[in-house]
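Undergrad: The structure that follows is given in the form of structure tokens.
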Amino acid sequence: YPRVFWRKSARTRNIDTFSIKTVWPNLGRVDAAYEFSGRDIVYLFKGQQYWAASGFNMLWGYPRPITNFGFPSTVKKIDAAMFLKDERKVIFFVQDKYWSFDHHKNKMDSKSPKKIKDGFPGMGTHVGAAFQNIDYLYFSNGANQAEYSRSRRLVLRNIANYRWLNCD
């Protein structure tokens with residue numbers, strides 16, 4: 001399957017699909033990514049390195065090591081990343097743990113990492129992709145996706161990943 005990413009237009013409600021290979025031909029497979037809302041910067045993670053892009057252009061000075069975010073050198077790969085707009089924090093998922101990075105302070109939260117099952121009850125132990133939509137968090141693992149309420153700290157429902165793409 002071709003590796004793709006989706007971008008929501010800032011001017012319209014359209015969501016467009018793009019091929020990673022077409023937009024960034026030298027990047028290859030990406031492990032995780034998140035968009036810093038309000039800055040139009042996308043961070044892409046592959047192994048122990050990360051890149052930053054504005055629009056479709058890679059920013060100068062990348063790749064950089066993920067240790068710049070505060071990860072120890074024992075972290076070999078980021079499984080998923082999710083930007084929480086209101087808090088200006090990124091949640092990184094690595095194996096059965098999650099890390100919280102504060103963009104405002106530009107450092108990893110001191111209590112990181114924590115177990116996924118403790119911070120997100122009902123989510124299990126692995127997250128392959130994650131994003132926030134309005135007040136809900138969506139966690140994917142394979143073909144399955146969980147809709148999670150942060151305020152109630154529980155999974156509201158399980159849905160198939162393809163539902164977002166109008167493939168019913």
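In the structure tokens, chains take the letters A, B, ... in the order shown, each chain's residues start at 1, and ligands count up from 1 in the order shown.
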Show me, as a PyMOL selection string, the residues that have an atom within 9 Å of Asp40 of chain A when counting only C-alpha atoms, minus same-chain residues fewer than 6 positions from it.

TA: chain A and resi 53-55

Undergrad: Using only C-alpha atoms, which residues sit within 10 Å of Tyr148 of chain A once same-chain residues fewer than 4 positions away are excluded, as a PyMOL selection string?

TA: chain A and resi 120-123+132+135-139+152-158

Undergrad: Restrict the selected residues to N, CA and C atoms and save them as an mmCIF file, in the first residue's frame.

TA:
data_model
loop_
_atom_site.group_PDB
_atom_site.id
_atom_site.type_symbol
_atom_site.label_atom_id
_atom_site.label_comp_id
_atom_site.auth_asym_id
_atom_site.auth_seq_id
_atom_site.Cartn_x
_atom_site.Cartn_y
_atom_site.Cartn_z
ATOM 1 N N PHE A 120 -4.769 6.235 30.029
ATOM 2 C CA PHE A 120 -5.922 6.148 29.134
ATOM 3 C C PHE A 120 -6.629 4.818 29.380
ATOM 4 N N PRO A 121 -7.368 4.708 30.493
ATOM 5 C CA PRO A 121 -8.028 3.444 30.838
ATOM 6 C C PRO A 121 -8.898 2.916 29.702
ATOM 7 N N GLY A 122 -8.791 1.611 29.474
ATOM 8 C CA GLY A 122 -9.569 0.957 28.433
ATOM 9 C C GLY A 122 -8.895 0.911 27.086
ATOM 10 N N MET A 123 -7.733 1.566 26.964
ATOM 11 C CA MET A 123 -7.050 1.642 25.673
ATOM 12 C C MET A 123 -6.129 0.464 25.395
ATOM 13 N N GLN A 132 -6.604 14.078 17.778
ATOM 14 C CA GLN A 132 -7.684 14.717 18.516
ATOM 15 C C GLN A 132 -8.643 15.342 17.516
ATOM 16 N N ASP A 135 -13.441 17.423 21.111
ATOM 17 C CA ASP A 135 -13.185 17.032 22.503
ATOM 18 C C ASP A 135 -12.826 15.564 22.669
ATOM 19 N N TYR A 136 -12.652 14.861 21.582
ATOM 20 C CA TYR A 136 -12.395 13.428 21.666
ATOM 21 C C TYR A 136 -11.015 13.085 21.127
ATOM 22 N N LEU A 137 -10.480 12.001 21.653
ATOM 23 C CA LEU A 137 -9.219 11.460 21.167
ATOM 24 C C LEU A 137 -9.536 10.172 20.434
ATOM 25 N N TYR A 138 -8.794 9.915 19.373
ATOM 26 C CA TYR A 138 -8.989 8.703 18.589
ATOM 27 C C TYR A 138 -7.675 7.947 18.548
ATOM 28 N N PHE A 139 -7.745 6.684 18.954
ATOM 29 C CA PHE A 139 -6.566 5.829 19.016
ATOM 30 C C PHE A 139 -6.760 4.654 18.076
ATOM 31 N N ARG A 152 -14.231 12.034 30.671
ATOM 32 C CA ARG A 152 -14.769 10.870 31.384
ATOM 33 C C ARG A 152 -13.735 9.763 31.559
ATOM 34 N N ARG A 153 -12.593 9.916 30.875
ATOM 35 C CA ARG A 153 -11.500 8.936 30.940
ATOM 36 C C ARG A 153 -11.974 7.514 30.610
ATOM 37 N N LEU A 154 -12.676 7.400 29.467
ATOM 38 C CA LEU A 154 -13.116 6.076 29.043
ATOM 39 C C LEU A 154 -13.341 6.027 27.545
ATOM 40 N N VAL A 155 -13.294 4.793 27.030
ATOM 41 C CA VAL A 155 -13.565 4.546 25.614
ATOM 42 C C VAL A 155 -15.074 4.608 25.424
ATOM 43 N N LEU A 156 -15.528 5.469 24.516
ATOM 44 C CA LEU A 156 -16.958 5.611 24.250
ATOM 45 C C LEU A 156 -17.458 4.568 23.264
ATOM 46 N N ARG A 157 -16.642 4.310 22.240
ATOM 47 C CA ARG A 157 -17.029 3.306 21.250
ATOM 48 C C ARG A 157 -15.815 2.892 20.448
ATOM 49 N N ASN A 158 -15.929 1.725 19.846
ATOM 50 C CA ASN A 158 -14.905 1.228 18.932
ATOM 51 C C ASN A 158 -15.475 1.281 17.528
#

Undergrad: Do a neighbour search on Asn106 of chain A at 9 Å with only C-alpha atoms, toss out local chain neighbours closer than 4 positions, and write the hits as a PyMOL selection string.

TA: chain A and resi 69+101-102

Undergrad: Suppose we keep C-alpha atoms; can you now write the selection as a PDB file, in the first residue's frame?

TA:
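Wrote it out as result07.pdb, contents follow:
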ATOM      1  CA  PHE A  69      12.563  16.244  22.651  1.00  0.00           C
ATOM      2  CA  PHE A 101       6.008  17.024  25.699  1.00  0.00           C
ATOM      3  CA  ASP A 102       5.107  20.615  26.597  1.00  0.00           C
TER       4      ASP A 102
END

Undergrad: What is the atom CA of Phe93 of chain A-atom CA of Met58 of chain A distance in Å, reported with one decimal?

TA: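 The value is 23.7 Å.
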
Undergrad: Got a sec: who's within 9 Å of Asn57 of chain A, counting only C-alpha atoms, leaving out chain neighbours fewer than 5 positions off, as a PyMOL selection string?

TA: chain A and resi 23-24+52

Undergrad: Atom CA of Glu147 of chain A to atom CA of Asp31 of chain A: how many Å, to one decimal?

TA: 21.5 Å

Undergrad: Determine which residues of segment 40-99 of chain A receive a DSSP assignment of strand (DSSP E), computed from the backbone, and state them as a PyMOL selection string.

TA: chain A and resi 41-46+49-54+57-58+64-65+80-84+89-94+97-99

Undergrad: Kindly give the distance, in Å, that separates atom CA of Trp6 of chain A and atom CA of Pro113 of chain A, rounded to a single decimal.

TA: 28.4 Å

Undergrad: Hey, which of A:Gln49, A:Thr67, A:Ser110, A:Ser149 ends up closest to Leu27 of chain A? Count only C-alpha atoms.

TA: A:Gln49

Undergrad: Output as a ChimeraX atom specification all residues of segment 1-99 of chain A that backbone DSSP marks as helix (DSSP H, G or I).

TA: /A:20-23,66-69

Undergrad: Check the smallest atom-to-atom distance from each of A:Ile134, A:Ala160, A:Ala32, A:Ala146 to Ala81 of chain A using only C-alpha atoms, then report the winner.

TA: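 Going through A:Ile134, A:Ala160, A:Ala32, A:Ala146 one by one, the smallest distance to Ala81 of chain A is for A:Ala32.
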
Undergrad: Quick one: residues within 9 Å of Ile20 of chain A, only C-alpha atoms counted, chain neighbours fewer than 4 positions away excluded, as a list in words?

TA: Pro2, Arg3, Val4, Phe5, Trp24, Pro25, Leu27, Gly28, Arg29 and Val30 of chain A

Undergrad: Pick from A:Phe45, A:Phe131, A:Phe36, A:Phe83: nearest to Pro65 of chain A, with only C-alpha atoms counted?

TA: A:Phe45

Undergrad: Excluding Ile91 of chain A and its own-chain neighbours fewer than 2 positions away, which residues fall within 6 Å of it when counting only C-alpha atoms? Please give them as a ChimeraX atom specification.

TA: /A:81-82,99-100

Undergrad: With distances taken over only C-alpha atoms, which of A:Tyr50, A:Lys89, A:Asp79, A:Lys107 is nearest to Val127 of chain A?

TA: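 Nearest to Val127 of chain A: A:Asp79.
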